[in-house]
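Undergrad: Take a look at final_28.cif, mmCIF, C-alpha atoms and all ligand atoms:
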data_model
loop_
_atom_site.label_atom_id
_atom_site.label_comp_id
_atom_site.auth_asym_id
_atom_site.auth_seq_id
_atom_site.Cartn_x
_atom_site.Cartn_y
_atom_site.Cartn_z
CA MET Z 6 11.88 31.68 2.01
CA ARG Z 7 13.85 29.53 -0.44
CA THR Z 8 13.31 25.84 -0.01
CA ARG Z 9 15.87 23.15 -0.65
CA GLY Z 10 15.58 19.49 -1.56
CA VAL Z 11 16.40 17.14 1.31
CA LEU Z 12 16.42 13.37 1.52
CA ALA Z 13 13.63 11.98 3.67
CA ASP Z 14 12.58 8.50 4.65
CA LEU Z 15 9.41 8.26 6.72
CA HIS Z 16 8.95 4.49 6.96
CA ASN Z 17 11.34 2.49 9.15
CA HIS Z 18 11.06 -0.11 11.87
CA SER Z 19 13.05 -0.65 15.03
CA CYS Z 20 13.51 -3.62 17.35
CA LEU Z 21 10.04 -2.91 18.77
CA SER Z 22 8.55 -4.42 15.61
CA PRO Z 23 8.42 -8.21 15.99
CA CYS Z 24 9.44 -8.68 12.33
CA ALA Z 25 12.44 -6.30 12.50
CA SER Z 26 15.99 -7.34 13.25
CA LEU Z 27 17.01 -7.12 16.91
CA GLU Z 28 20.01 -4.98 15.96
CA MET Z 29 17.67 -2.28 14.56
CA SER Z 30 17.90 0.03 17.56
CA PRO Z 31 16.74 3.62 17.10
CA SER Z 32 20.37 4.72 17.44
CA LEU Z 33 21.61 2.34 14.70
CA LEU Z 34 18.72 3.44 12.46
CA ALA Z 35 19.60 7.12 12.91
CA ARG Z 36 23.32 6.48 12.39
CA ARG Z 37 22.78 4.51 9.16
CA ALA Z 38 20.35 7.16 7.90
CA ARG Z 39 22.88 9.94 8.53
CA GLU Z 40 25.56 7.93 6.70
CA ARG Z 41 23.18 7.72 3.72
CA GLY Z 42 22.54 11.45 3.61
CA ILE Z 43 19.01 11.33 5.05
CA GLU Z 44 18.00 14.50 6.87
CA VAL Z 45 14.39 13.71 7.78
CA LEU Z 46 13.78 10.29 9.30
CA GLY Z 47 10.62 8.56 10.45
CA LEU Z 48 10.25 5.71 12.93
CA THR Z 49 7.10 3.68 12.25
CA ASP Z 50 6.89 0.49 14.28
CA HIS Z 51 3.84 -1.73 13.92
CA ASN Z 52 0.98 -0.42 16.08
CA GLY Z 53 3.36 1.07 18.64
CA ALA Z 54 5.51 4.11 19.34
CA LEU Z 55 7.37 2.98 22.46
CA ASN Z 56 10.82 3.51 20.91
CA CYS Z 57 10.08 7.13 19.95
CA PRO Z 58 11.73 8.65 23.06
CA ALA Z 59 15.00 6.83 22.24
CA PHE Z 60 14.57 7.81 18.59
CA ALA Z 61 14.30 11.50 19.57
CA GLU Z 62 17.65 11.35 21.35
CA ALA Z 63 19.26 9.21 18.61
CA CYS Z 64 18.25 11.73 15.92
CA ARG Z 65 19.44 14.65 18.06
CA ARG Z 66 22.88 13.03 18.26
CA GLU Z 67 23.02 12.56 14.48
CA GLY Z 68 21.65 15.99 13.58
CA ILE Z 69 18.61 14.42 11.89
CA VAL Z 70 15.05 15.79 11.96
CA PRO Z 71 12.89 13.09 13.58
CA VAL Z 72 9.32 12.23 12.59
CA PHE Z 73 7.57 10.17 15.25
CA GLY Z 74 5.17 7.64 13.90
CA LEU Z 75 3.73 4.22 13.84
CA GLU Z 76 2.47 1.92 11.11
CA ALA Z 77 -1.04 1.03 12.18
CA CYS Z 78 -2.73 -2.10 10.82
CA SER Z 79 -6.46 -1.70 10.23
CA LEU Z 80 -9.11 -4.36 10.74
CA GLU Z 81 -8.88 -5.14 7.02
CA GLU Z 82 -5.08 -5.53 7.39
CA VAL Z 83 -4.22 -2.32 5.55
CA HIS Z 84 -1.04 -0.62 6.78
CA VAL Z 85 -1.20 3.13 7.40
CA LEU Z 86 1.65 5.43 8.42
CA CYS Z 87 0.56 7.86 11.17
CA LEU Z 88 3.21 10.56 11.59
CA PHE Z 89 3.47 12.99 14.51
CA GLY Z 90 5.62 15.96 15.45
CA SER Z 91 6.59 14.75 18.92
CA ALA Z 92 7.34 11.51 20.70
CA ALA Z 93 4.63 12.42 23.22
CA ALA Z 94 1.96 12.73 20.52
CA ALA Z 95 2.99 9.42 18.93
CA LEU Z 96 3.04 7.70 22.34
CA ALA Z 97 -0.43 9.05 23.15
CA PHE Z 98 -1.81 7.74 19.86
CA GLY Z 99 -0.09 4.38 20.41
CA GLU Z 100 -1.67 4.21 23.85
CA ARG Z 101 -5.06 4.85 22.29
CA LEU Z 102 -4.54 2.10 19.70
CA LEU Z 103 -3.72 -0.37 22.48
CA GLY Z 104 -7.43 -0.27 23.35
CA SER Z 105 -8.16 -1.70 19.88
CA LEU Z 106 -5.34 -4.23 19.81
CA PRO Z 107 -6.60 -7.80 20.29
CA ARG Z 108 -4.66 -9.58 23.02
CA LEU Z 109 -3.64 -12.67 21.09
CA PRO Z 110 -1.40 -15.30 22.63
CA TYR Z 111 2.11 -13.98 21.98
CA ASP Z 112 5.11 -16.25 21.72
CA PRO Z 113 8.28 -14.21 21.07
CA GLU Z 114 10.07 -17.40 19.96
CA LYS Z 115 7.66 -17.80 17.06
CA LEU Z 116 6.57 -14.23 16.32
CA GLY Z 117 9.77 -12.32 17.06
CA ASP Z 118 11.00 -10.13 19.89
CA GLU Z 119 9.57 -6.72 20.73
CA VAL Z 120 12.13 -4.64 22.56
CA VAL Z 121 11.81 -1.14 24.02
CA VAL Z 122 15.25 0.42 24.30
CA ASP Z 123 16.92 3.69 25.23
CA ALA Z 124 19.21 5.66 22.95
CA ASP Z 125 22.21 3.63 24.19
CA GLU Z 126 20.60 0.29 23.32
CA GLY Z 127 19.79 -0.50 26.95
CA VAL Z 128 16.68 -2.69 27.23
CA LEU Z 129 13.84 -0.87 29.01
CA ASP Z 130 10.91 -3.18 28.46
CA LEU Z 131 9.66 -6.28 26.64
CA PRO Z 132 5.93 -5.85 25.97
CA ASP Z 133 4.03 -9.08 26.63
CA TYR Z 134 1.44 -8.49 23.89
CA TYR Z 135 1.76 -8.94 20.12
CA LEU Z 136 2.02 -5.64 18.23
CA GLY Z 137 1.77 -7.23 14.79
CA ALA Z 138 -1.97 -7.97 14.94
CA ALA Z 139 -4.72 -6.16 13.03
CA LEU Z 140 -6.45 -3.53 15.16
CA GLU Z 141 -10.19 -3.70 15.77
CA LEU Z 142 -10.54 -0.44 13.85
CA GLY Z 143 -11.67 -0.17 10.25
CA PHE Z 144 -9.42 1.61 7.75
CA ASP Z 145 -11.61 4.75 7.48
CA GLU Z 146 -12.05 5.00 11.23
CA LEU Z 147 -8.31 4.55 11.80
CA CYS Z 148 -7.36 7.25 9.28
CA LEU Z 149 -9.86 9.69 10.79
CA ALA Z 150 -8.69 8.94 14.33
CA ALA Z 151 -5.06 9.54 13.33
CA SER Z 152 -5.73 12.76 11.46
CA GLY Z 153 -8.00 13.95 14.30
CA SER Z 154 -5.02 13.42 16.63
CA GLY Z 155 -2.86 15.69 14.49
CA ALA Z 156 -1.06 13.02 12.46
CA LEU Z 157 -0.06 13.15 8.84
CA VAL Z 158 -1.80 10.07 7.44
CA VAL Z 159 -0.07 8.18 4.63
CA PRO Z 160 -1.45 4.84 3.38
CA ALA Z 161 1.64 2.59 3.26
CA HIS Z 162 3.01 0.76 0.20
CA VAL Z 163 -0.29 1.14 -1.70
CA ASP Z 164 1.02 -1.04 -4.54
CA ARG Z 165 2.28 -3.91 -2.39
CA PRO Z 166 0.56 -7.29 -2.93
CA MET Z 167 -0.10 -7.59 0.81
CA PHE Z 168 -1.17 -5.31 3.68
CA SER Z 169 -2.13 -2.48 1.31
CA VAL Z 170 -5.24 -0.66 0.09
CA SER Z 171 -4.83 -2.40 -3.27
CA SER Z 172 -4.46 -5.92 -1.86
CA GLN Z 173 -7.04 -5.64 0.95
CA LEU Z 174 -9.64 -3.16 -0.36
CA GLY Z 175 -8.99 -3.15 -4.11
CA PHE Z 176 -8.89 0.65 -4.28
CA LEU Z 177 -7.84 3.79 -2.42
CA PRO Z 178 -10.87 5.15 -0.54
CA PRO Z 179 -11.14 8.92 -0.10
CA GLY Z 180 -9.45 9.96 3.13
CA PRO Z 181 -7.54 12.65 5.04
CA TYR Z 182 -4.19 11.71 3.52
CA ALA Z 183 -1.11 13.91 3.30
CA ALA Z 184 0.32 11.61 0.58
CA VAL Z 185 0.38 7.95 -0.37
CA GLU Z 186 3.47 5.73 -0.19
CA ALA Z 187 4.36 3.31 -2.97
CA MET Z 188 7.22 0.94 -3.75
CA ARG Z 189 7.26 1.74 -7.49
CA ASP Z 190 5.55 4.33 -9.65
CA PRO Z 191 1.95 3.32 -8.90
CA ASP Z 192 -1.13 3.13 -11.09
CA PRO Z 193 -2.93 6.53 -11.09
CA SER Z 194 -5.99 4.87 -9.51
CA LEU Z 195 -3.89 4.20 -6.39
CA ARG Z 196 -2.68 7.82 -6.17
CA GLY Z 197 -6.10 9.36 -5.72
CA GLY Z 198 -4.63 12.69 -6.77
CA PHE Z 199 -2.24 12.72 -3.79
CA ALA Z 200 1.52 13.10 -3.94
CA VAL Z 201 3.38 9.79 -3.96
CA VAL Z 202 6.36 9.23 -1.70
CA SER Z 203 8.63 6.22 -1.51
CA GLY Z 204 9.74 4.68 1.79
CA SER Z 205 12.42 2.18 2.71
CA ASP Z 206 10.26 0.15 5.12
CA ALA Z 207 13.60 -0.90 6.60
CA HIS Z 208 13.49 -3.84 9.02
CA VAL Z 209 17.25 -4.51 8.81
CA PRO Z 210 20.18 -2.06 8.77
CA GLU Z 211 21.05 -2.80 5.12
CA HIS Z 212 17.66 -1.49 3.98
CA VAL Z 213 17.91 1.94 5.60
CA GLY Z 214 17.66 4.54 2.85
CA ARG Z 215 16.96 2.10 0.01
CA ARG Z 216 13.87 4.04 -1.13
CA ALA Z 217 14.39 7.51 0.36
CA PHE Z 218 12.61 10.38 -1.39
CA GLU Z 219 13.47 14.01 -1.90
CA VAL Z 220 11.24 16.76 -0.51
CA GLU Z 221 11.47 20.54 -0.84
CA LEU Z 222 11.57 22.11 2.62
CA ASP Z 223 12.13 25.51 4.13
CA PRO Z 224 15.50 25.60 5.99
CA GLU Z 225 13.78 27.32 8.92
CA ALA Z 226 11.34 24.44 9.29
CA LEU Z 227 14.27 21.99 9.22
CA ALA Z 228 16.04 24.00 11.91
CA ALA Z 229 12.86 23.94 14.01
CA GLY Z 230 12.58 20.17 13.56
CA ARG Z 231 16.18 19.69 14.67
CA SER Z 232 15.69 21.70 17.84
CA GLY Z 233 12.49 20.26 19.25
CA GLY Z 234 10.00 22.27 17.16
CA GLY Z 235 8.40 19.12 15.84
CA ALA Z 236 4.89 20.53 15.47
CA GLU Z 237 6.13 23.39 13.28
CA PHE Z 238 8.21 20.96 11.24
CA LEU Z 239 5.34 18.50 10.79
CA ALA Z 240 3.12 21.31 9.48
CA ALA Z 241 5.80 22.28 6.95
CA LEU Z 242 6.30 18.65 5.92
CA GLY Z 243 2.55 18.20 5.51
CA ALA Z 244 2.34 21.34 3.37
CA ALA Z 245 5.23 20.16 1.16
CA LEU Z 246 3.60 16.74 0.69
CA ARG Z 247 0.20 18.26 -0.11
CA LYS Z 248 1.86 20.59 -2.62
CA GLY Z 249 3.51 17.60 -4.26
CA ALA Z 250 7.01 19.01 -3.72
CA VAL Z 251 8.50 15.50 -3.70
CA LEU Z 252 10.62 13.23 -5.87
CA PRO Z 253 10.11 9.53 -5.04
CA SER Z 254 13.02 7.09 -5.38
CA TRP Z 255 12.11 6.02 -8.93
CA ALA Z 256 12.02 9.65 -10.08
CA ARG Z 257 15.34 10.37 -8.38
CA ALA Z 258 17.10 7.44 -10.06
CA GLY Z 259 19.27 8.72 -12.88
CA THR Z 260 19.04 12.37 -11.81
CA ALA Z 261 21.89 14.20 -10.12
CA ALA Z 262 19.91 14.02 -6.89
CA GLY Z 263 19.68 10.26 -7.33
CA SER Z 264 23.42 9.71 -7.15
CA PRO Z 265 24.83 8.57 -3.83
CA ARG Z 266 25.76 11.38 -1.50
CA ALA Z 267 28.79 11.62 0.67
CA PRO Z 268 28.14 10.70 4.30
CA GLY Z 269 26.72 13.68 6.13
CA ALA Z 270 26.44 15.80 2.96
CA ALA Z 271 23.53 18.20 2.83
ZN ZN Z 301 3.63 -2.35 6.03
ZN ZN Z 302 6.56 -1.13 7.53
#
Please rewrite the model in this file as structure tokens.
TA:
Amino acid sequence: MRTRGVLADLHNHSCLSPCASLEMSPSLLARRARERGIEVLGLTDHNGALNCPAFAEACRREGIVPVFGLEACSLEEVHVLCLFGSAAAALAFGERLLGSLPRLPYDPEKLGDEVVVDADEGVLDLPDYYLGAALELGFDELCLAASGSGALVVPAHVDRPMFSVSSQLGFLPPGPYAAVEAMRDPDPSLRGGFAVVSGSDAHVPEHVGRRAFEVELDPEALAAGRSGGGAEFLAALGAALRKGAVLPSWARAGTAAGSPRAPGAA
């Protein structure tokens, strides 16, 4: 089967993340991503997946392949993307992480709102606990738990001066990673031999798609991902990442693929 290069962006926050803008509903995120030519889109709120059901419907409406994730924060304050093929799998893992989330006093006024919404931006719930805290789970343990639950595990922004393997641990430990995510072309010591993807880490609408990457995928896997076959799609995405069939944003810049695409263009 011939593959084709598609724009993907696996790291984005919605209004469930206390640090994200309230207007970042799953539906706005999916709409902006479609306008920017993104075909594979991840939702990765801090330590929680409660907006994944709305995200599933929002992506269906936009014709986007959804990847259901969360950005877990280890005990050492390292951020890790945990990516699943279904909203149910992401919700189950989020539920499991809740057992390791310290119940700190949470003041939405100071720390930001956490809003669970539906695909039409109706408010469903306002969790009364703070999702931005570090879990009581060490980095290695967290990565193993995620991969054991079927997730693609991607250490987030490995080159960022905060909340990363480089800032918190000083190195990339061996682990069950599908790839690592970086903001710029990282030092080889932070790659660990894995493929490097870029991610927008969008917390506001203007940042959606700012660091999308290109990945070579089988059109059949994309079709499966669009029609509820998330497990099949996740396996294909994992295989493409492990093969290194990716072009991060800095490698796309200046190439034909790096030029802006028309809204909705394939
Ligand atoms: Zn992060
Ligand atoms: Zn993030």
Undergrad: Could you name the residues that touch Ser152 in chain Z at 7 Å or less, counting only C-alpha atoms, but leaving out those on the same chain fewer than 5 positions away, as a ChimeraX atom specification?
TA: /Z:157-158,181
Undergrad: I need the residues from that last selection saved to file as a PDB file, keeping the file's coordinate frame (with C-alpha atoms), if you can.
TA:
ATOM      1  CA  LEU Z 157      -0.060  13.150   8.840  1.00  0.00           C
ATOM      2  CA  VAL Z 158      -1.800  10.070   7.440  1.00  0.00           C
ATOM      3  CA  PRO Z 181      -7.540  12.650   5.040  1.00  0.00           C
TER       4      PRO Z 181
END
Undergrad: Pick from Z:Arg257, Z:Lys248, Z:Arg7, Z:His84: nearest to Phe218 in chain Z, with only C-alpha atoms counted?
TA: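 Under the stated criterion, the closest residue is Z:Arg257.
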Undergrad: Counting all atoms listed in the file, write as an MDAnalysis selection string all protein and nucleic acid residues lying at most 12 Å from (6.4, 7.9, 12.2) in the file's frame.
TA: chainID Z and resid 13:19 45:57 60:61 70:77 85:92 94:96 98:99 151 156:159 161 204 206 235 239
Undergrad: Give the answer as one residue: which of Z:Pro191, Z:Gly137, Z:Gly234, Z:Gly117 has the shortest atom-to-atom distance to Phe168 in chain Z, using only C-alpha atoms?
TA: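 Ranked by minimum distance to Phe168 in chain Z, first place goes to Z:Gly137.
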Undergrad: Taking only C-alpha atoms into account, which of Z:Val220, Z:Val83, Z:Ala139, Z:Val122 comes nearest Leu103 in chain Z?
TA: Z:Ala139
Undergrad: Could you tell me how far CA of Arg101 in chain Z sits from CA of Asp123 in chain Z, in Å to one decimal place?
TA: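 Straight-line distance from CA of Asp123 in chain Z to CA of Arg101 in chain Z works out to 22.2 Å.
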Undergrad: Residues within 10 Å of range 174-177 of chain Z, please, as an MDAnalysis selection string. Count only C-alpha atoms; anything in the same chain fewer than 3 positions from it doesn't count.
TA: chainID Z and resid 81:83 144 160 163 168:171 180 185 194:197
Undergrad: Nearest to Asp118 in chain Z among Z:Ala229, Z:Ala184, Z:Leu131, Z:Ala245, with distances taken over all atoms listed in the file: which residue is it?
TA: Z:Leu131
Undergrad: Under the rule that all atoms listed in the file are counted, which of Z:Val11, Z:Leu242, Z:Ala258, Z:Ala187 is the nearest residue to ligand ZN 301 (chain Z)?
TA: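 Under the stated criterion, the closest residue is Z:Ala187.
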Undergrad: Taking all atoms listed in the file into account, which of Z:Arg39, Z:Arg216, Z:Glu126, Z:Tyr182 comes nearest Asp145 in chain Z?
TA: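 For Asp145 in chain Z, the nearest of the candidates is Z:Tyr182.
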Undergrad: At what distance in Å, to one decimal, does CA of Trp255 in chain Z lie from CA of Arg189 in chain Z?
TA: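 Those two atoms sit 6.6 Å apart.
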Undergrad: Might I get the box with edges along x, y and z of the file that holds all atoms of range 152-161 of chain Z listed there, padded by 3 Å on every side, given as centre and edge lengths in Å to one decimal, as AutoDock Vina command-line options?
TA:
--center_x -3.2 --center_y 9.1 --center_z 9.9 --size_x 15.6 --size_y 19.1 --size_z 19.4
Undergrad: Show me the residues around (-0.9, -12.3, 20.5) - criterion: an atom at most 9 Å away, only C-alpha atoms counted - as a list in words.
TA: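 Residues satisfying the cut-off, written out: Pro107, Arg108, Leu109, Pro110, Tyr111, Asp112, Leu116, Asp133, Tyr134, Tyr135, Leu136, Gly137 and Ala138 of chain Z.
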Undergrad: Residues within 9 Å of Arg37 in chain Z, please, as a list in words. Count all atoms listed in the file; anything in the same chain fewer than 6 positions from it doesn't count.
TA: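 Skipping anything fewer than 6 positions along the chain leaves Ile43, Pro210, Glu211, Val213 and Gly214 of chain Z.
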Undergrad: Could you tell me how far CA of Ala228 in chain Z lies from CA of Leu246 in chain Z, in Å and to one decimal?
TA: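 Taking CA of Ala228 in chain Z as the start and CA of Leu246 in chain Z as the end point, the length is 18.3 Å.
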Undergrad: Pick out the residues sitting within 10 Å of Glu225 in chain Z, and hand them over as number ranges by chain; count all atoms listed in the file, and ignore anything fewer than 3 positions along from it in its own chain.
TA: Z: 6-8, 222, 228-231, 237-238, 241
Undergrad: Contacts of Ser26 in chain Z at 12 Å or less, counting only C-alpha atoms, minus same-chain residues fewer than 2 places along, as a ChimeraX atom specification?
TA: /Z:17-24,28-31,33-34,117-120,207-212
Undergrad: Dump C-alpha atoms for the selected residues as a PDB file, in the coordinates of the input?
TA:
ATOM      1  CA  ASN Z  17      11.340   2.490   9.150  1.00  0.00           C
ATOM      2  CA  HIS Z  18      11.060  -0.110  11.870  1.00  0.00           C
ATOM      3  CA  SER Z  19      13.050  -0.650  15.030  1.00  0.00           C
ATOM      4  CA  CYS Z  20      13.510  -3.620  17.350  1.00  0.00           C
ATOM      5  CA  LEU Z  21      10.040  -2.910  18.770  1.00  0.00           C
ATOM      6  CA  SER Z  22       8.550  -4.420  15.610  1.00  0.00           C
ATOM      7  CA  PRO Z  23       8.420  -8.210  15.990  1.00  0.00           C
ATOM      8  CA  CYS Z  24       9.440  -8.680  12.330  1.00  0.00           C
ATOM      9  CA  GLU Z  28      20.010  -4.980  15.960  1.00  0.00           C
ATOM     10  CA  MET Z  29      17.670  -2.280  14.560  1.00  0.00           C
ATOM     11  CA  SER Z  30      17.900   0.030  17.560  1.00  0.00           C
ATOM     12  CA  PRO Z  31      16.740   3.620  17.100  1.00  0.00           C
ATOM     13  CA  LEU Z  33      21.610   2.340  14.700  1.00  0.00           C
ATOM     14  CA  LEU Z  34      18.720   3.440  12.460  1.00  0.00           C
ATOM     15  CA  GLY Z 117       9.770 -12.320  17.060  1.00  0.00           C
ATOM     16  CA  ASP Z 118      11.000 -10.130  19.890  1.00  0.00           C
ATOM     17  CA  GLU Z 119       9.570  -6.720  20.730  1.00  0.00           C
ATOM     18  CA  VAL Z 120      12.130  -4.640  22.560  1.00  0.00           C
ATOM     19  CA  ALA Z 207      13.600  -0.900   6.600  1.00  0.00           C
ATOM     20  CA  HIS Z 208      13.490  -3.840   9.020  1.00  0.00           C
ATOM     21  CA  VAL Z 209      17.250  -4.510   8.810  1.00  0.00           C
ATOM     22  CA  PRO Z 210      20.180  -2.060   8.770  1.00  0.00           C
ATOM     23  CA  GLU Z 211      21.050  -2.800   5.120  1.00  0.00           C
ATOM     24  CA  HIS Z 212      17.660  -1.490   3.980  1.00  0.00           C
TER      25      HIS Z 212
END
